[in-house]
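What follows is the content of work.txt (compact mmCIF, C-alpha atoms).
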```txt
# COMPACT_ATOMS: atom_id res chain seq x y z
CA VAL A 146 0.00 0.00 0.00
CA THR A 147 1.40 3.40 -0.95
CA ARG A 148 1.58 6.25 1.56
CA LEU A 149 -1.01 8.12 -0.50
CA THR A 150 -3.45 5.18 -0.39
CA GLU A 151 -2.87 4.76 3.34
CA ALA A 152 -3.51 8.46 3.98
CA SER A 153 -6.66 8.35 1.87
CA ASN A 154 -7.96 5.32 3.76
CA GLN A 155 -7.26 6.89 7.16
CA THR A 156 -8.97 10.18 6.36
CA ARG A 157 -11.89 9.01 4.20
CA GLY A 158 -15.10 10.56 5.50
CA MET A 159 -13.39 12.74 8.10
CA ILE A 160 -14.76 16.26 8.43
CA VAL A 161 -13.19 19.10 10.43
CA HIS A 162 -15.55 20.74 12.95
CA TYR A 163 -15.27 23.78 15.20
CA GLU A 164 -17.87 24.32 17.90
CA ASN A 165 -19.79 21.37 16.45
CA GLU A 166 -20.08 22.89 12.96
CA PRO A 167 -18.20 21.78 9.81
CA VAL A 168 -15.63 24.36 8.75
CA PHE A 169 -13.39 25.18 5.83
CA THR A 170 -9.65 24.63 6.20
CA PRO A 171 -7.56 26.93 4.00
CA TYR A 172 -3.98 26.01 3.25
CA TYR A 173 -1.14 27.55 1.30
CA SER A 174 2.32 26.76 0.03
CA ARG A 175 4.91 28.08 2.49
CA SER A 176 5.10 30.26 5.59
CA ASP A 177 7.75 32.61 6.89
CA GLY A 178 7.75 30.94 10.29
CA ARG A 179 4.16 31.55 11.39
CA THR A 180 0.66 31.35 10.03
CA ARG A 181 -1.75 34.28 10.00
CA SER A 182 -5.18 34.46 11.56
CA TYR A 183 -8.24 34.78 9.34
CA LYS A 184 -8.88 38.18 10.91
CA GLU A 185 -5.32 39.40 10.24
CA VAL A 186 -5.57 38.63 6.51
CA TRP A 187 -9.25 38.97 5.62
CA GLY A 188 -10.84 40.79 8.58
CA ILE A 189 -14.06 39.82 10.31
CA TYR A 190 -16.80 38.38 8.11
CA ASN A 191 -20.43 38.22 9.26
CA GLY A 192 -19.29 39.00 12.79
CA GLN A 193 -17.11 35.88 12.98
CA ASP A 194 -13.42 35.76 13.79
CA TYR A 195 -12.97 32.12 12.70
CA GLY A 196 -11.48 30.91 15.98
CA TRP A 197 -9.86 27.81 14.47
CA LEU A 198 -7.85 30.01 12.10
CA GLN A 199 -5.45 31.77 14.47
CA SER A 200 -1.75 32.49 14.05
CA VAL A 201 0.47 29.57 15.10
CA PRO A 202 4.21 28.92 14.84
CA ALA A 203 5.52 27.17 11.73
CA PRO A 204 8.91 26.05 13.07
CA TYR A 205 10.01 23.95 10.09
CA ASP A 206 9.62 26.93 7.77
CA ALA A 207 11.17 29.28 10.35
CA GLU A 208 14.39 27.26 10.56
CA LYS A 209 14.78 27.56 6.77
CA ASN A 210 14.24 31.34 6.81
CA ASN A 211 11.52 30.89 4.20
CA THR A 212 9.50 33.73 2.75
CA LEU A 213 5.72 33.60 2.65
CA TRP A 214 4.16 32.06 -0.46
CA GLY A 215 0.38 32.37 -0.33
CA HIS A 216 -2.18 34.06 1.89
CA GLY A 217 -0.74 32.66 5.13
CA VAL A 218 -3.99 31.39 6.68
CA GLY A 219 -4.34 27.79 7.89
CA MET A 220 -1.91 25.01 7.09
CA ALA A 221 1.48 25.81 5.57
CA CYS A 222 2.18 22.83 3.30
CA THR A 223 5.98 22.89 3.54
CA ASP A 224 5.81 23.16 7.33
CA ALA A 225 3.29 20.29 7.49
CA ILE A 226 5.66 18.13 5.41
CA GLY A 227 8.36 18.82 8.00
CA MET A 228 6.01 17.69 10.77
CA ALA A 229 5.12 14.52 8.86
CA ASN A 230 8.79 13.74 8.21
CA ASP A 231 9.39 14.03 11.97
CA GLY A 232 6.66 11.47 12.69
CA TYR A 233 3.59 13.58 13.44
CA ASN A 234 0.40 11.94 12.20
CA TRP A 235 -2.25 13.64 10.08
CA GLU A 236 -4.50 14.38 13.06
CA GLU A 237 -1.68 16.01 15.04
CA ILE A 238 -0.74 18.08 12.01
CA LEU A 239 -4.29 19.32 11.43
CA LYS A 240 -4.74 20.18 15.11
CA HIS A 241 -1.52 22.21 15.06
CA TYR A 242 -2.77 24.51 12.30
CA TYR A 243 -6.51 24.52 13.05
CA LEU A 244 -7.07 25.27 16.73
CA ASN A 245 -9.69 23.60 18.96
CA ILE A 246 -11.11 21.48 16.15
CA THR A 247 -12.72 18.08 16.35
CA LEU A 248 -12.58 15.48 13.62
CA LYS A 249 -15.74 13.52 12.89
CA LYS A 250 -16.10 10.54 10.61
CA LEU A 251 -19.32 11.11 8.68
CA TRP A 252 -19.12 8.19 6.23
```
Can the structure in the file be given as structure tokens, please?
Amino acid sequence: VTRLTEASNQTRGMIVHYENEPVFTPYYSRSDGRTRSYKEVWGIYNGQDYGWLQSVPAPYDAEKNNTLWGHGVGMACTDAIGMANDGYNWEEILKHYYLNITLKKLW
């Protein structure tokens, strides 16, 4: 079984929730050592601050002195690859970038 097939099997039907509601999970290419909050990049929309989309450290990108590629909100792909290479699983990686989420298997 390839790593891609294994990842697909483990995550099939999983939906990210925040405060018991399904939410969107933006991602982008590369950070400069931290992610940005939704509010910092796009402001407040419909009175929401999108609590799961807060600024968090991106240490794998920070140690490479990377520049930001993308909007900066949510998961930084190159940083997430660093976490995976160090043995973090997909759930730990998601919960690093998307705060206070729950993962629910819906099918």
Report task. Can you pull out every residue within 12 Å of segment 176-181 of chain A, counting only C-alpha atoms, but drop anything in the same chain fewer than 6 positions away, and send it as number ranges by chain? Result -> A: 187-188, 195-225, 241-244
Requested in this report: Figure out the distance between atom CA of Thr156 of chain A and atom CA of Asn230 of chain A, please, to one decimal in Å.
Outcome: 18.2 Å
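Those residues positioned at most 10 Å from (-9.3, 7.3, 9.0) are Glu151, Ala152, Ser153, Asn154, Gln155, Thr156, Arg157, Gly158, Met159, Trp235, Glu236, Leu248, Lys249 and Lys250 of chain A, judged using only C-alpha atoms.
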Please dump the current selection as a short mmCIF file (atom, residue, chain, number, x, y, z; two decimals), in the coordinates of the input; keep C-alpha atoms.
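Final output, part_26.cif:
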```cif
data_model
loop_
_atom_site.label_atom_id
_atom_site.label_comp_id
_atom_site.auth_asym_id
_atom_site.auth_seq_id
_atom_site.Cartn_x
_atom_site.Cartn_y
_atom_site.Cartn_z
CA GLU A 151 -2.87 4.76 3.34
CA ALA A 152 -3.51 8.46 3.98
CA SER A 153 -6.66 8.35 1.87
CA ASN A 154 -7.96 5.32 3.76
CA GLN A 155 -7.26 6.89 7.16
CA THR A 156 -8.97 10.18 6.36
CA ARG A 157 -11.89 9.01 4.20
CA GLY A 158 -15.10 10.56 5.50
CA MET A 159 -13.39 12.74 8.10
CA TRP A 235 -2.25 13.64 10.08
CA GLU A 236 -4.50 14.38 13.06
CA LEU A 248 -12.58 15.48 13.62
CA LYS A 249 -15.74 13.52 12.89
CA LYS A 250 -16.10 10.54 10.61
#
```
How big is the axis-aligned box around the listed atoms of segment 221-229 of chain A once 5 Å is added on each side, and where is its centre? Give both in Å to one decimal, as lines of an AutoDock Vina configuration file.
```
center_x = 4.9
center_y = 20.2
center_z = 7.0
size_x = 16.9
size_y = 21.3
size_z = 17.5
```
Query raised in the report: So how far away is atom CA of Lys240 of chain A from atom CA of Ile226 of chain A, in Å?
Result: 14.4 Å
Query raised in the report: Which neighbours of His162 of chain A fall inside 9 Å, counting all atoms listed in the file, when residues of the same chain fewer than 4 positions from it are skipped, and could you give them as a PyMOL selection string?
Result: chain A and resi 166-169+245-249
Can you take the partial segment 187-221 of chain A, add N, CA and C atoms, and return it as a short mmCIF file (atom, residue, chain, number, x, y, z; two decimals), keeping the file's coordinate frame?
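Result file is rebuild-v8.cif:
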```cif
data_model
loop_
_atom_site.label_atom_id
_atom_site.label_comp_id
_atom_site.auth_asym_id
_atom_site.auth_seq_id
_atom_site.Cartn_x
_atom_site.Cartn_y
_atom_site.Cartn_z
N TRP A 187 -8.00 38.65 6.31
CA TRP A 187 -9.25 38.97 5.62
C TRP A 187 -10.26 39.75 6.46
N GLY A 188 -9.93 40.04 7.72
CA GLY A 188 -10.84 40.79 8.58
C GLY A 188 -11.93 39.91 9.16
N ILE A 189 -12.94 40.55 9.72
CA ILE A 189 -14.06 39.82 10.31
C ILE A 189 -15.16 39.76 9.27
N TYR A 190 -15.75 38.57 9.10
CA TYR A 190 -16.80 38.38 8.11
C TYR A 190 -18.05 37.91 8.83
N ASN A 191 -19.17 38.57 8.61
CA ASN A 191 -20.43 38.22 9.26
C ASN A 191 -20.30 38.13 10.77
N GLY A 192 -19.46 38.98 11.35
CA GLY A 192 -19.29 39.00 12.79
C GLY A 192 -18.48 37.86 13.36
N GLN A 193 -17.88 37.04 12.51
CA GLN A 193 -17.11 35.88 12.98
C GLN A 193 -15.62 36.17 12.89
N ASP A 194 -14.87 35.62 13.85
CA ASP A 194 -13.42 35.76 13.79
C ASP A 194 -12.73 34.46 13.40
N TYR A 195 -13.51 33.40 13.14
CA TYR A 195 -12.97 32.12 12.70
C TYR A 195 -11.90 31.62 13.67
N GLY A 196 -12.36 31.27 14.87
CA GLY A 196 -11.48 30.91 15.98
C GLY A 196 -10.51 29.79 15.71
N TRP A 197 -10.79 28.91 14.79
CA TRP A 197 -9.86 27.81 14.47
C TRP A 197 -8.72 28.28 13.57
N LEU A 198 -8.86 29.47 13.02
CA LEU A 198 -7.85 30.01 12.10
C LEU A 198 -7.10 31.16 12.77
N GLN A 199 -6.28 30.81 13.74
CA GLN A 199 -5.45 31.77 14.47
C GLN A 199 -3.99 31.60 14.05
N SER A 200 -3.18 32.57 14.36
CA SER A 200 -1.75 32.49 14.05
C SER A 200 -1.08 31.47 14.95
N VAL A 201 -0.31 30.56 14.35
CA VAL A 201 0.47 29.57 15.10
C VAL A 201 1.89 29.53 14.54
N PRO A 202 2.84 29.05 15.34
CA PRO A 202 4.21 28.92 14.84
C PRO A 202 4.30 27.88 13.72
N ALA A 203 5.19 28.13 12.80
CA ALA A 203 5.52 27.17 11.73
C ALA A 203 7.03 26.94 11.80
N PRO A 204 7.48 26.14 12.77
CA PRO A 204 8.91 26.05 13.07
C PRO A 204 9.77 25.46 11.95
N TYR A 205 9.21 24.56 11.16
CA TYR A 205 10.01 23.95 10.09
C TYR A 205 10.31 24.97 9.00
N ASP A 206 9.36 25.85 8.72
CA ASP A 206 9.62 26.93 7.77
C ASP A 206 10.53 27.99 8.39
N ALA A 207 10.36 28.25 9.68
CA ALA A 207 11.17 29.28 10.35
C ALA A 207 12.65 28.92 10.31
N GLU A 208 12.97 27.64 10.53
CA GLU A 208 14.39 27.26 10.56
C GLU A 208 15.05 27.36 9.20
N LYS A 209 14.24 27.42 8.13
CA LYS A 209 14.78 27.56 6.77
C LYS A 209 14.81 29.01 6.31
N ASN A 210 14.34 29.91 7.18
CA ASN A 210 14.24 31.34 6.81
C ASN A 210 13.45 31.54 5.53
N ASN A 211 12.37 30.80 5.39
CA ASN A 211 11.52 30.89 4.20
C ASN A 211 10.80 32.23 4.14
N THR A 212 10.40 32.60 2.94
CA THR A 212 9.50 33.73 2.75
C THR A 212 8.10 33.18 2.53
N LEU A 213 7.12 34.00 2.78
CA LEU A 213 5.72 33.60 2.65
C LEU A 213 5.35 33.44 1.18
N TRP A 214 4.74 32.30 0.86
CA TRP A 214 4.16 32.06 -0.46
C TRP A 214 2.70 31.70 -0.24
N GLY A 215 1.81 32.61 -0.52
CA GLY A 215 0.38 32.37 -0.33
C GLY A 215 -0.20 33.36 0.67
N HIS A 216 -1.46 33.14 1.01
CA HIS A 216 -2.18 34.06 1.89
C HIS A 216 -1.77 33.95 3.35
N GLY A 217 -1.24 32.81 3.77
CA GLY A 217 -0.74 32.66 5.13
C GLY A 217 -1.74 32.14 6.14
N VAL A 218 -2.96 31.83 5.74
CA VAL A 218 -3.99 31.39 6.68
C VAL A 218 -4.14 29.87 6.64
N GLY A 219 -4.14 29.24 7.81
CA GLY A 219 -4.34 27.79 7.89
C GLY A 219 -3.04 27.03 7.82
N MET A 220 -3.06 25.90 7.13
CA MET A 220 -1.91 25.01 7.09
C MET A 220 -0.89 25.44 6.04
N ALA A 221 0.35 25.56 6.48
CA ALA A 221 1.48 25.81 5.57
C ALA A 221 1.99 24.45 5.10
#
```
